[in-house]
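Chemist: I have a structure here, written as structure tokens, and I will follow up with some questions on it.
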Amino acid sequence: MISSAKSDWLIPAGLVALSGIPAVAGIFRLVQLGSGEISPDNARFFAAPWPVVLHIAGALAYCILGAFQFSPGFRRRYPGWHRAAGRVLLPCGLIAALSGLWMTQFYPPVGSDGPSLYAIRLVVGSAMFVFISLGYAAIRRGDIRRHRAWMMRGYALGIGAGTQVLTHVPWFLFPGIRGELARTLFMAAGWVINLAVAEWLLMRERRDETI
């Protein structure tokens with residue numbers, strides 16, 4: 001049987017692991033920008049580097065630091081942690097969302113990225129910004145339950161790149177299916193799965209409160 005101390009770390013550890021591949025990819029992108037290695041895949045970033053730099057830095061901090069907000073034991077042992085981390089997570093999450101929207105709007109699409117994925121990215125980036133803003137507004141009112149719910153939804157969208165690594169497994173295994181539709185479905189699936197898990201957890205919490 002897993003001890004309560006160990007089980008308390010399972011969710012944060014899983015979220016950090018889920019962020020691992022996108023984090024490595026983001027760091028590699030920053031190294032490319034620093035080295036000046038221009039390719040057809042990254043030329044658009046060299047034309048306007050700051051949005052992608054802000055997006056990678058904001059998303060990395062938001063996803064990795066935010067993972068520890070899901071450890072109740074950690075928050076109990078360090079009561080000031082949640083609030084202090086929140087002051088960092090809020091701007092990082094908003095920067096990640098806004099820079100993602102900027103890149104969607106102004107960077108030219110590459111590969112199989114098409115109009116449908118462009119529209120979904122606009123919706124997801126806007127929703128993430130709104131969710132985090134609503135979470136902040138809720139805690140300012142002292143509404144902890146709604147604060148937690150909105151922040152969990154925002155985090156679910158923010159960590160979408162990690163889940164998209166998993167949803168893209170068929171993309172890498174079966175090259176014949178590659179195309180605009182498959183790309184859109186695999187990207188959308190990552191965000192939908194994360195939001196569904198967040199809503200399930202929130203529903204379970206509400207059910208437990210009524211028991």
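In the structure tokens, each chain is lettered A, B, ... as it comes, each chain's residues begin at 1, and ligands are numbered from 1 in order of appearance.
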Write out as a ChimeraX atom specification which residues come within 8 Å of Met152 (chain A) when counting only C-alpha atoms, dropping same-chain ones fewer than 4 positions away.
Modeler: /A:148,156,198
Chemist: Counting only C-alpha atoms, which residues in region 55-149 of chain A sit no more than 8 Å from region 31-46 of chain A? For each one, give the nearest pair of atoms and the distance in Å, sorted by chain then residue number, as a tab-separated table.
Modeler:
residue	atom	partner	partner_atom	distance
A:Tyr107	CA	A:Arg44	CA	6.2
A:Pro108	CA	A:Arg44	CA	7.0
A:Val110	CA	A:Asp41	CA	7.2
Chemist: Just how far from CA of Met203 (chain A) is CA of Cys63 (chain A), in Å to one decimal?
Modeler: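 If I compute the distance from CA of Cys63 (chain A) to CA of Met203 (chain A), I get 22.5 Å.
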Chemist: Which residues, written as a tab-separated table (two decimals) with N, CA and C atoms, in the first residue's frame, have at least one atom at most 6 Å from region 90-93 of chain A, with only C-alpha atoms counted and residues fewer than 3 positions away on the same chain left out?
Modeler:
chain	number	residue	atom	x	y	z
A	58	GLY	N	6.86	31.52	-19.75
A	58	GLY	CA	5.63	31.57	-18.95
A	58	GLY	C	5.01	30.21	-18.77
A	62	TYR	N	4.54	28.13	-15.32
A	62	TYR	CA	3.14	27.89	-14.96
A	62	TYR	C	2.86	26.40	-14.76
A	86	GLY	N	1.10	31.51	-6.11
A	86	GLY	CA	0.03	32.07	-6.91
A	86	GLY	C	0.40	33.42	-7.50
A	87	ARG	N	1.19	34.21	-6.76
A	87	ARG	CA	1.60	35.52	-7.27
A	87	ARG	C	2.53	35.38	-8.48
A	96	ALA	N	1.53	33.25	-20.79
A	96	ALA	CA	1.48	32.09	-21.67
A	96	ALA	C	0.26	32.15	-22.58
Chemist: Which residues are near Val52 (chain A)? Cut-off 9 Å, only C-alpha atoms, ignore same chain within fewer than 4 positions. Put them as JSON, numbers by chain.
Modeler: {"A": [29, 30, 45, 48, 56, 57, 99, 100, 103]}
Chemist: For the selection you just gave me, I'd like the residues written to a file as a PDB file, in the first residue's frame, keeping N, CA and C atoms.
Modeler:
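Saved file part02.pdb follows:
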ATOM      1  N   ARG A  29      14.048  24.937 -28.334  1.00  0.00           N
ATOM      2  CA  ARG A  29      13.682  26.059 -29.193  1.00  0.00           C
ATOM      3  C   ARG A  29      14.437  27.316 -28.789  1.00  0.00           C
ATOM      4  N   LEU A  30      14.562  27.557 -27.486  1.00  0.00           N
ATOM      5  CA  LEU A  30      15.297  28.725 -27.015  1.00  0.00           C
ATOM      6  C   LEU A  30      16.773  28.629 -27.377  1.00  0.00           C
ATOM      7  N   PHE A  45       9.977  32.293 -35.940  1.00  0.00           N
ATOM      8  CA  PHE A  45      10.350  32.700 -34.588  1.00  0.00           C
ATOM      9  C   PHE A  45      11.490  33.716 -34.611  1.00  0.00           C
ATOM     10  N   ALA A  48      10.240  37.283 -35.192  1.00  0.00           N
ATOM     11  CA  ALA A  48       9.660  37.933 -34.007  1.00  0.00           C
ATOM     12  C   ALA A  48       9.876  36.991 -32.823  1.00  0.00           C
ATOM     13  N   ILE A  56       7.264  30.328 -23.932  1.00  0.00           N
ATOM     14  CA  ILE A  56       7.971  29.172 -23.374  1.00  0.00           C
ATOM     15  C   ILE A  56       8.287  29.395 -21.896  1.00  0.00           C
ATOM     16  N   ALA A  57       8.814  30.570 -21.573  1.00  0.00           N
ATOM     17  CA  ALA A  57       9.166  30.854 -20.171  1.00  0.00           C
ATOM     18  C   ALA A  57       7.925  30.859 -19.289  1.00  0.00           C
ATOM     19  N   SER A  99       0.608  35.350 -25.094  1.00  0.00           N
ATOM     20  CA  SER A  99       1.638  35.141 -26.111  1.00  0.00           C
ATOM     21  C   SER A  99       1.227  34.032 -27.071  1.00  0.00           C
ATOM     22  N   GLY A 100       0.504  33.023 -26.555  1.00  0.00           N
ATOM     23  CA  GLY A 100      -0.018  31.979 -27.433  1.00  0.00           C
ATOM     24  C   GLY A 100      -1.015  32.541 -28.430  1.00  0.00           C
ATOM     25  N   MET A 103       0.960  34.473 -31.091  1.00  0.00           N
ATOM     26  CA  MET A 103       1.611  33.594 -32.059  1.00  0.00           C
ATOM     27  C   MET A 103       0.600  32.986 -33.022  1.00  0.00           C
TER      28      MET A 103
END
Chemist: Just how far from CA of Pro79 (chain A) is CA of Ala23 (chain A), in Å to one decimal?
Modeler: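 Straight-line distance from CA of Ala23 (chain A) to CA of Pro79 (chain A) works out to 28.0 Å.
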Chemist: Of the candidates A:Tyr118, A:Phe106, A:Trp9, A:Phe129, which shows the shortest atom-to-atom distance to Phe68 (chain A), using only C-alpha atoms?
Modeler: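 Nearest to Phe68 (chain A): A:Trp9.
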Chemist: Quick one: pull the distance between CA of Arg146 (chain A) and CA of Glu199 (chain A), Å, one decimal.
Modeler: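 It comes out at 12.5 Å.
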Chemist: Using only C-alpha atoms, what does the table of region 83-122 of chain A residues within 12 Å of region 172-188 of chain A look like, with each row giving the shortest atom pair and its distance in Å to one decimal, sorted by chain and ascending number, as a Markdown table?
Modeler:
| residue | atom | partner | partner_atom | distance |
| --- | --- | --- | --- | --- |
| A:Pro109 | CA | A:Glu180 | CA | 11.2 |
| A:Val110 | CA | A:Glu180 | CA | 10.6 |
| A:Gly111 | CA | A:Glu180 | CA | 8.4 |
| A:Ser112 | CA | A:Glu180 | CA | 4.6 |
| A:Asp113 | CA | A:Glu180 | CA | 6.0 |
| A:Gly114 | CA | A:Glu180 | CA | 6.0 |
| A:Pro115 | CA | A:Glu180 | CA | 8.9 |
| A:Ser116 | CA | A:Thr184 | CA | 6.7 |
| A:Leu117 | CA | A:Thr184 | CA | 5.2 |
| A:Tyr118 | CA | A:Thr184 | CA | 8.9 |
| A:Ala119 | CA | A:Thr184 | CA | 10.0 |
| A:Ile120 | CA | A:Ala188 | CA | 7.3 |
| A:Arg121 | CA | A:Ala188 | CA | 8.7 |
| A:Leu122 | CA | A:Ala188 | CA | 11.8 |
Chemist: Would you save the residues from that selection as a compact mmCIF listing (two decimals), in the first residue's frame, using N, CA and C atoms?
Modeler:
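Wrote again19.txt, looks like this:
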# COMPACT_ATOMS: atom_id res chain seq x y z
N PRO A 109 1.21 29.79 -40.40
CA PRO A 109 1.08 28.35 -40.09
C PRO A 109 2.10 27.54 -40.85
N VAL A 110 2.47 26.41 -40.28
CA VAL A 110 3.41 25.49 -40.93
C VAL A 110 2.82 24.09 -40.95
N GLY A 111 3.32 23.27 -41.85
CA GLY A 111 2.91 21.88 -41.89
C GLY A 111 1.43 21.70 -42.11
N SER A 112 0.82 20.92 -41.21
CA SER A 112 -0.60 20.57 -41.31
C SER A 112 -1.50 21.48 -40.49
N ASP A 113 -0.96 22.58 -39.98
CA ASP A 113 -1.78 23.53 -39.23
C ASP A 113 -2.67 24.31 -40.20
N GLY A 114 -3.97 24.25 -39.98
CA GLY A 114 -4.90 24.91 -40.89
C GLY A 114 -5.89 25.81 -40.17
N PRO A 115 -6.91 26.26 -40.86
CA PRO A 115 -7.89 27.20 -40.27
C PRO A 115 -8.63 26.63 -39.07
N SER A 116 -8.94 25.34 -39.08
CA SER A 116 -9.67 24.76 -37.95
C SER A 116 -8.83 24.78 -36.68
N LEU A 117 -7.55 24.44 -36.80
CA LEU A 117 -6.68 24.47 -35.62
C LEU A 117 -6.44 25.92 -35.18
N TYR A 118 -6.34 26.83 -36.14
CA TYR A 118 -6.20 28.26 -35.81
C TYR A 118 -7.38 28.72 -34.94
N ALA A 119 -8.59 28.34 -35.32
CA ALA A 119 -9.78 28.74 -34.56
C ALA A 119 -9.77 28.12 -33.17
N ILE A 120 -9.39 26.85 -33.08
CA ILE A 120 -9.36 26.17 -31.78
C ILE A 120 -8.33 26.81 -30.86
N ARG A 121 -7.17 27.16 -31.41
CA ARG A 121 -6.14 27.80 -30.60
C ARG A 121 -6.61 29.15 -30.07
N LEU A 122 -7.33 29.89 -30.89
CA LEU A 122 -7.87 31.16 -30.42
C LEU A 122 -8.85 30.94 -29.26
Chemist: Which residues come within 7 Å of Gly162 (chain A), counting only C-alpha atoms, excluding same-chain residues fewer than 2 positions away, as a list in words?
Modeler: Leu18, Ser19, Ile21, Pro22, Ile159, Gly160, Gln164 and Val165 of chain A
Chemist: Check region 98-208 of chain A with DSSP on the backbone and list each residue it calls alpha helix (DSSP H), as a PyMOL selection string.
Modeler: chain A and resi 98-106+115-140+144-158+160-167+169-173+180-208
